[in-house]
Amino acid sequence: MLTYEGDNNILIQQTTKFILEMYRIVVETNSTDSIKDPLGTLYFLRKLDEISNYKCTATTPADFFQTAIYIPAFEARLVHLIKQAVQKLMDCIAANQDPFDAWNNSQVFYGQNVAKAYMELSITQHFLKQIEKASPSIQPVLQKMCHLYALTRIEKDLGTFRENEYLTSFHTELVKKGILQLLSDLKHDAVSLVDSFNIPDKILFAPIGQSDGEAYKHFYGQTVSNKDAL
């Protein structure tokens with residue numbers, strides 16, 4: 001991805017730098033009055049101690065379909081990663097690395113993960129807000145989609161969630177079972193969800209994905225119409 005500001009790697013570093021700078025202000029002043037947070041997405045800096053003590057209370061896979069379970073999970077991971085990134089940066093500086101090298105050497109496994117964790121938390125929260133604005137008739141399936149997004153993000157980074165002790169090995173199995181349950185529930189809405197993108201058949205240009213669902217008919221038609229296939 002390339003934007004006016006740079007490619008996605010630059011944007012990730014800019015995001016990380018901004019978050020760490022705001023974190024530094026909070027720690028040094030013991031106050032959140034001076035942080036720049038016009039959109040309110042840095043609210044977690046106002047309750048660092050509280051978030052650091054979060055522990056998962058889920059006892060069944062269905063418990064992970066609650067925002068009260070997975071939003072705190074994202075918050076706890078983010079605060080944990082911020083502290084790790086700051087410590088890594090300080091270790092590099094203590095090793096007499098110049099600021100440029102110290103910053104670069106603290107990006108892989110540390111700084112970049114801060115930005116990604118922040119974005120996944122923000123995406124999930126924005127997803128939930130938009131569901132509230134949707135028609136009541138489609139809210140249930142959108143909620144399942146949001147739950148699935150959240151749980152797949154957690155499953156992809158179970159190491160970090162275990163590392164910060166928000167989840168236990170018992171919870172990791174619940175997450176996997178929850179994902180399987182959501183996939184089973186959503187399979188009945190899969191076609192409708194894909195159709196909701198309203199991609200014209202001409203652009204999709206795939207026999208298996210035509211809007212009328214006649215996959216075999218279109219496969220056959222494409223085959224017999226291709227002079228090189230016979």
# chains A, B, ... in the order shown; residues from 1 in each chain; ligands from 1
>>> residues_around(residues="Leu89 of chain A", least_positions_apart="5", cutoff="7 Å", atoms="only C-alpha atoms", output="PyMOL selection string")
chain A and resi 102-103+106
>>> residues_around(residues="Ser169 of chain A", least_positions_apart="5", cutoff="10 Å", atoms="only C-alpha atoms", output="list in words")
Leu158, Arg162 and Leu174 of chain A
>>> closest_atom_pairs(of="segment 37-71 of chain A", to="segment 146-157 of chain A", cutoff="9 Å", atoms="only C-alpha atoms", output="Markdown table")
| residue | atom | partner | partner_atom | distance |
| --- | --- | --- | --- | --- |
| A:Phe64 | CA | A:Leu151 | CA | 7.6 |
| A:Phe65 | CA | A:His147 | CA | 5.6 |
| A:Gln66 | CA | A:His147 | CA | 7.8 |
| A:Thr67 | CA | A:His147 | CA | 8.1 |
| A:Tyr70 | CA | A:Ala150 | CA | 6.9 |
| A:Ile71 | CA | A:Ala150 | CA | 8.4 |
>>> select_by_dssp(residues="segment 10-127 of chain A", states="helix (DSSP H, G or I)", output="number ranges by chain")
A: 10-29, 43-52, 61-65, 67-94, 99-105, 107-127
>>> residues_around(residues="Phe44 of chain A", least_positions_apart="3", cutoff="10 Å", atoms="only C-alpha atoms", output="ChimeraX atom specification")
/A:23,40-41,47-51,75-76,78-79
>>> write_last_selection(atoms="N, CA and C atoms", output="PDB file, in the first residue's frame")
ATOM      1  N   TYR A  23       2.517   8.000  25.430  1.00  0.00           N
ATOM      2  CA  TYR A  23       2.743   7.164  26.619  1.00  0.00           C
ATOM      3  C   TYR A  23       3.830   7.783  27.495  1.00  0.00           C
ATOM      4  N   GLY A  40     -10.254  10.394  20.572  1.00  0.00           N
ATOM      5  CA  GLY A  40     -10.539   9.573  21.743  1.00  0.00           C
ATOM      6  C   GLY A  40     -10.035   8.147  21.646  1.00  0.00           C
ATOM      7  N   THR A  41      -9.165   7.851  20.685  1.00  0.00           N
ATOM      8  CA  THR A  41      -8.698   6.475  20.501  1.00  0.00           C
ATOM      9  C   THR A  41      -7.548   6.111  21.439  1.00  0.00           C
ATOM     10  N   LYS A  47      -6.084   4.744  31.683  1.00  0.00           N
ATOM     11  CA  LYS A  47      -6.326   3.685  32.672  1.00  0.00           C
ATOM     12  C   LYS A  47      -5.308   2.556  32.524  1.00  0.00           C
ATOM     13  N   LEU A  48      -4.038   2.938  32.467  1.00  0.00           N
ATOM     14  CA  LEU A  48      -2.963   1.973  32.256  1.00  0.00           C
ATOM     15  C   LEU A  48      -2.901   0.926  33.363  1.00  0.00           C
ATOM     16  N   ASP A  49      -2.970   1.366  34.612  1.00  0.00           N
ATOM     17  CA  ASP A  49      -2.863   0.429  35.728  1.00  0.00           C
ATOM     18  C   ASP A  49      -4.035  -0.549  35.739  1.00  0.00           C
ATOM     19  N   GLU A  50      -5.219  -0.028  35.474  1.00  0.00           N
ATOM     20  CA  GLU A  50      -6.405  -0.884  35.461  1.00  0.00           C
ATOM     21  C   GLU A  50      -6.296  -1.951  34.378  1.00  0.00           C
ATOM     22  N   ILE A  51      -5.910  -1.530  33.176  1.00  0.00           N
ATOM     23  CA  ILE A  51      -5.816  -2.472  32.049  1.00  0.00           C
ATOM     24  C   ILE A  51      -4.726  -3.508  32.295  1.00  0.00           C
ATOM     25  N   GLU A  75      -7.206  -4.438  24.652  1.00  0.00           N
ATOM     26  CA  GLU A  75      -6.632  -3.355  25.453  1.00  0.00           C
ATOM     27  C   GLU A  75      -5.427  -3.858  26.247  1.00  0.00           C
ATOM     28  N   ALA A  76      -5.579  -5.024  26.871  1.00  0.00           N
ATOM     29  CA  ALA A  76      -4.488  -5.576  27.682  1.00  0.00           C
ATOM     30  C   ALA A  76      -3.270  -5.898  26.824  1.00  0.00           C
ATOM     31  N   LEU A  78      -2.429  -4.440  23.991  1.00  0.00           N
ATOM     32  CA  LEU A  78      -1.834  -3.191  23.533  1.00  0.00           C
ATOM     33  C   LEU A  78      -0.957  -2.559  24.607  1.00  0.00           C
ATOM     34  N   VAL A  79      -1.464  -2.468  25.815  1.00  0.00           N
ATOM     35  CA  VAL A  79      -0.681  -1.874  26.908  1.00  0.00           C
ATOM     36  C   VAL A  79       0.577  -2.707  27.171  1.00  0.00           C
TER      37      VAL A  79
END
>>> closest_residue(among="A:Glu214, A:Glu165, A:Asp201, A:Asp98", to="Arg77 of chain A", atoms="only C-alpha atoms")
A:Glu165
>>> residues_around(residues="Gln84 of chain A", least_positions_apart="4", cutoff="8 Å", atoms="only C-alpha atoms", output="list in words")
His80, Lys88 and Tyr110 of chain A
>>> closest_atom_pairs(of="segment 30-92 of chain A", to="segment 175-187 of chain A", cutoff="10 Å", atoms="only C-alpha atoms", output="tab-separated table")
residue	atom	partner	partner_atom	distance
A:Ala58	CA	A:Val175	CA	9.6
A:Thr60	CA	A:Gly178	CA	8.5
A:Pro61	CA	A:Gly178	CA	4.7
A:Ala62	CA	A:Gly178	CA	6.4
A:Asp63	CA	A:Gly178	CA	8.6
A:Phe64	CA	A:Gly178	CA	6.9
A:Phe65	CA	A:Gly178	CA	7.7
>>> atom_distance(atom1="atom CA of Glu132 of chain A", atom2="atom CA of Ile69 of chain A")
18.6 Å
>>> closest_residue(among="A:Ala190, A:Ala117, A:Ile203, A:Met145", to="Ile82 of chain A", atoms="only C-alpha atoms")
A:Ala117
>>> atom_distance(atom1="atom CA of Lys83 of chain A", atom2="atom CA of Gln13 of chain A")
16.1 Å
>>> closest_residue(among="A:Val27, A:Leu167, A:Ile199, A:Cys92", to="Ser211 of chain A", atoms="only C-alpha atoms")
A:Ile199
